[in-house]
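See below for the structure under consideration.
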Amino acid sequence: MKRLPITRFGWLSIGLYVSSFLFLMFQGGKTSLMLFVMLNGLAAYLLLGRFSGIGNVKGTRRLDDRHAGATLFAAGNRMRVKLDIEIPGFWPLPYVIVKERLARVNGSESQEYELSFVPDYKRKGTILYETAPLRRGRYRYQSTLCSTKDIFGLFEHKGSFDNPLEIKVAPRTIALREWRMMRRSKTGVSQQRVASLWARETTQIDGVREYIHGDRMSRVHWNATARTGQWKSKEFEREALPRFVIVLDALSASYRTADSFELAVSSAASLLDFALRKGMPVGFATVGESRRWFGVERHPVNRETIMEHLIDLEPEGSGSLGDAVFEALDRFEAGAHFVVISSGTDEPLARALEALSARRQSPSHVLVGERNPSADEQKRLHRWQQLFRTNGWELISLSRLEDLPNALEVGTA
């Protein structure tokens with residue numbers, strides 16, 4: 001138990017008690033006796049409050065049933081949290097104040113909540129509360145602080161308990177329906193050439209091949225099987241798909257505000273989901289203090305692995321995005337379609353995009369900007385648009401994630 005410090009109020013209480021005792025000793029009578037008994041009862045109540053049991057408080061934290069035990073949420077969502085608290089002991093408690101702190105691991109911000117409940121006759125209570133919208137990142141609950149006061153509000157007693165819970169908040173994404181540039185790639189406008197490893201079958205029959213154990217019955221070519229007496233399967237034509245490489249700029253110098261960087265990460269995650277849903281081969285790269293590469297050397301990417309990386313990604317480091325694009329040219333095969341997501345429009349990046357164009361590749365740039373750009377930013381954007389129009393590249397100017405689906409379908413370059 002913690003020792004209560006003697007404050008100015010404590011000294012005043014001691015003085016009143018001594019005065020009441022002296023009044024009883026020298027004055028006598030019923031009045032002095034009643035006053036002395038009342039002070040003794042009040043003092044006994046306040047002192048016994050130290051044994052309220054809140055110093056040994058216990059509690060468990062769990063997510064609401066609608067979350068079904070999930071620990072991964074999308075950015076912008078809220079959590080409903082339940083706290084079950086039990087206070088050992090027998091001394092009556094009028095109420096309990098509970099303070100919760102949810103800290104972001106990869107950042108300095110945190111969310112604090114102050115709640116209260118009235119314990120039942122078993123000295124238990126349940127609190128249900130909803131958090132504020134969560135940003136992308138990892139969150140961890142700190143120690144839960146509990147406190148109570150006597151019915152007069154004179155003394156406060158405290159306790160705490162630990163019930164660790166880590167929450168992961170993935171980037172916010174938006175559903176994308178179609179992309180104009182992708183339709184052009186499929187019709188051969190971009191002159192994409194990829195290996196058969198990245199080809200998928202169409203519904204057009206191209207011939208007959210030997211039956212392979214595990215082929216579905218729908219693939220069996222019954223006429224050829226009856227004619228030859230051996231199992232034969234249908235061979236379908238294969239449709240070449242371009243490799244879809246997303247290069248995300250995570251350099252701290254590229255973004256003026258945290259919202260701009262979050263928009264870039266959300267755009268990259270949305271494009272990744274779109275490409276995987278379309279069954280395209282995907283490559284992914286982030287350029288920050290260090291460079292991370294996914295899907296190089298024709299290896300398939302794992303969405304969960306990339307999302308785990310994006311959860312912890314923060315803008316940091318210095319360098320040139322253009323140098324990273326040059327490196328991507330060596331890491332990924334010819335014919336890949338590169339999509340650069342950044343707010344940068346510098347000369348090294350322009351040279352890197354020209355190098356992509358020299359390899360008969362039409363690069364795309366998702367340019368993340370502010371909602372209310374300054375005059376200088378508008379001029380910079382105009383020059384960048386002129387460069388893209390001259391070279392026939394695709395430029396998507398973006399200030400809100402909600403504008404991405406329409407921008408991809410219509411095009412802005």
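Labels for the structure tokens follow display order: chains A, B, ..., residues from 1 in each chain, ligands from 1.
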
I want to know what sits within 9 Å of A:Ala355, based on only C-alpha atoms, with residues of the same chain fewer than 4 positions away left out; could you give that as a VMD selection string? chain A and resid 326 329 350 to 351 359 361

Which residues are near stretch 160-171 of chain A? Cut-off 8 Å, only C-alpha atoms, ignore same chain within fewer than 2 positions. Put them as JSON, numbers by chain. {"A": [55, 56, 57, 58, 59, 60, 61, 71, 72, 73, 74, 75, 134, 135, 136, 137, 138, 139, 140, 141, 142, 143, 144, 145, 146, 158, 173, 262, 265, 266, 269, 307, 308, 310, 311]}

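By only C-alpha atoms, and with residues fewer than 2 positions from stretch 377-385 of chain A along its chain excluded, the set lying at most 8 Å from it is A:Thr345, A:Pro373, A:Ser374, A:Ala375, A:Leu387, A:Phe388, A:Arg389, A:Leu395, A:Ala413.
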
Which of stretch 214-348 of chain A fall in strand (DSSP E), as a ChimeraX atom specification: /A:232-240,244-249,282-287,291-294,337-342

Distance query A:Ser252 at most 10 Å, only C-alpha atoms, self and fewer than 5 positions along chain excluded, as a list in words: Thr257, Ala258, Phe261, Gly288, Glu289, Glu314, Pro315, Glu316, Gly317, Ser318 and Gly319 of chain A

Got time to write the residues from that selection, C-alpha atoms, as a PDB file, in the first residue's frame?
ATOM      1  CA  THR A 257       2.461  16.802 -44.546  1.00  0.00           C
ATOM      2  CA  ALA A 258       1.689  13.443 -42.998  1.00  0.00           C
ATOM      3  CA  PHE A 261       2.266  10.450 -47.298  1.00  0.00           C
ATOM      4  CA  GLY A 288      13.038   5.428 -48.095  1.00  0.00           C
ATOM      5  CA  GLU A 289      15.987   5.269 -45.717  1.00  0.00           C
ATOM      6  CA  GLU A 314       7.278   5.945 -42.284  1.00  0.00           C
ATOM      7  CA  PRO A 315       8.727   8.761 -44.430  1.00  0.00           C
ATOM      8  CA  GLU A 316      12.425   8.879 -43.652  1.00  0.00           C
ATOM      9  CA  GLY A 317      15.807   9.097 -45.259  1.00  0.00           C
ATOM     10  CA  SER A 318      17.191  11.270 -48.021  1.00  0.00           C
ATOM     11  CA  GLY A 319      18.243  10.460 -51.533  1.00  0.00           C
TER      12      GLY A 319
END

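The space separating atom CA of A:Lys124 from atom CA of A:Pro88 comes to 8.8 Å.
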
Measuring between only C-alpha atoms, which one of A:Ser116, A:Thr131, A:Thr126, A:Asn223 shows the shortest distance to A:Ile97? A:Ser116

Skip stretch 295-302 of chain A itself and residues of its chain fewer than 6 positions away, then list as an NGL selection string all residues within 12 Å of it, counting only C-alpha atoms. :A and (194-198 or 242-247 or 272-273 or 275-276 or 279-285 or 308-309 or 327-334 or 336)

For stretch 19-22 of chain A: contacts at 9 Å, only C-alpha atoms, fewer than 6 positions along chain excluded, given as an NGL selection string: :A and (32-33 or 35-36 or 39)

Keeping only N, CA, C and O atoms, write those residues as a PDB file, in the first residue's frame.
ATOM      1  N   SER A  32     -19.820  18.300  23.071  1.00  0.00           N
ATOM      2  CA  SER A  32     -18.421  17.974  22.794  1.00  0.00           C
ATOM      3  C   SER A  32     -18.241  16.482  22.534  1.00  0.00           C
ATOM      4  O   SER A  32     -17.447  16.071  21.680  1.00  0.00           O
ATOM      5  N   LEU A  33     -19.021  15.633  23.256  1.00  0.00           N
ATOM      6  CA  LEU A  33     -18.919  14.188  23.042  1.00  0.00           C
ATOM      7  C   LEU A  33     -19.414  13.799  21.651  1.00  0.00           C
ATOM      8  O   LEU A  33     -18.795  12.981  20.955  1.00  0.00           O
ATOM      9  N   LEU A  35     -19.542  15.680  18.982  1.00  0.00           N
ATOM     10  CA  LEU A  35     -18.583  16.158  17.978  1.00  0.00           C
ATOM     11  C   LEU A  35     -17.370  15.245  17.897  1.00  0.00           C
ATOM     12  O   LEU A  35     -16.888  14.914  16.806  1.00  0.00           O
ATOM     13  N   PHE A  36     -16.879  14.787  19.032  1.00  0.00           N
ATOM     14  CA  PHE A  36     -15.707  13.922  19.066  1.00  0.00           C
ATOM     15  C   PHE A  36     -16.017  12.563  18.426  1.00  0.00           C
ATOM     16  O   PHE A  36     -15.195  12.004  17.671  1.00  0.00           O
ATOM     17  N   LEU A  39     -16.164  12.946  14.605  1.00  0.00           N
ATOM     18  CA  LEU A  39     -14.832  13.059  14.025  1.00  0.00           C
ATOM     19  C   LEU A  39     -14.118  11.715  14.010  1.00  0.00           C
ATOM     20  O   LEU A  39     -13.396  11.389  13.051  1.00  0.00           O
TER      21      LEU A  39
END

Check the smallest atom-to-atom distance from each of A:Arg177, A:Arg371, A:His157, A:Arg219 to A:Arg277 using only C-alpha atoms, then report the winner. A:Arg177
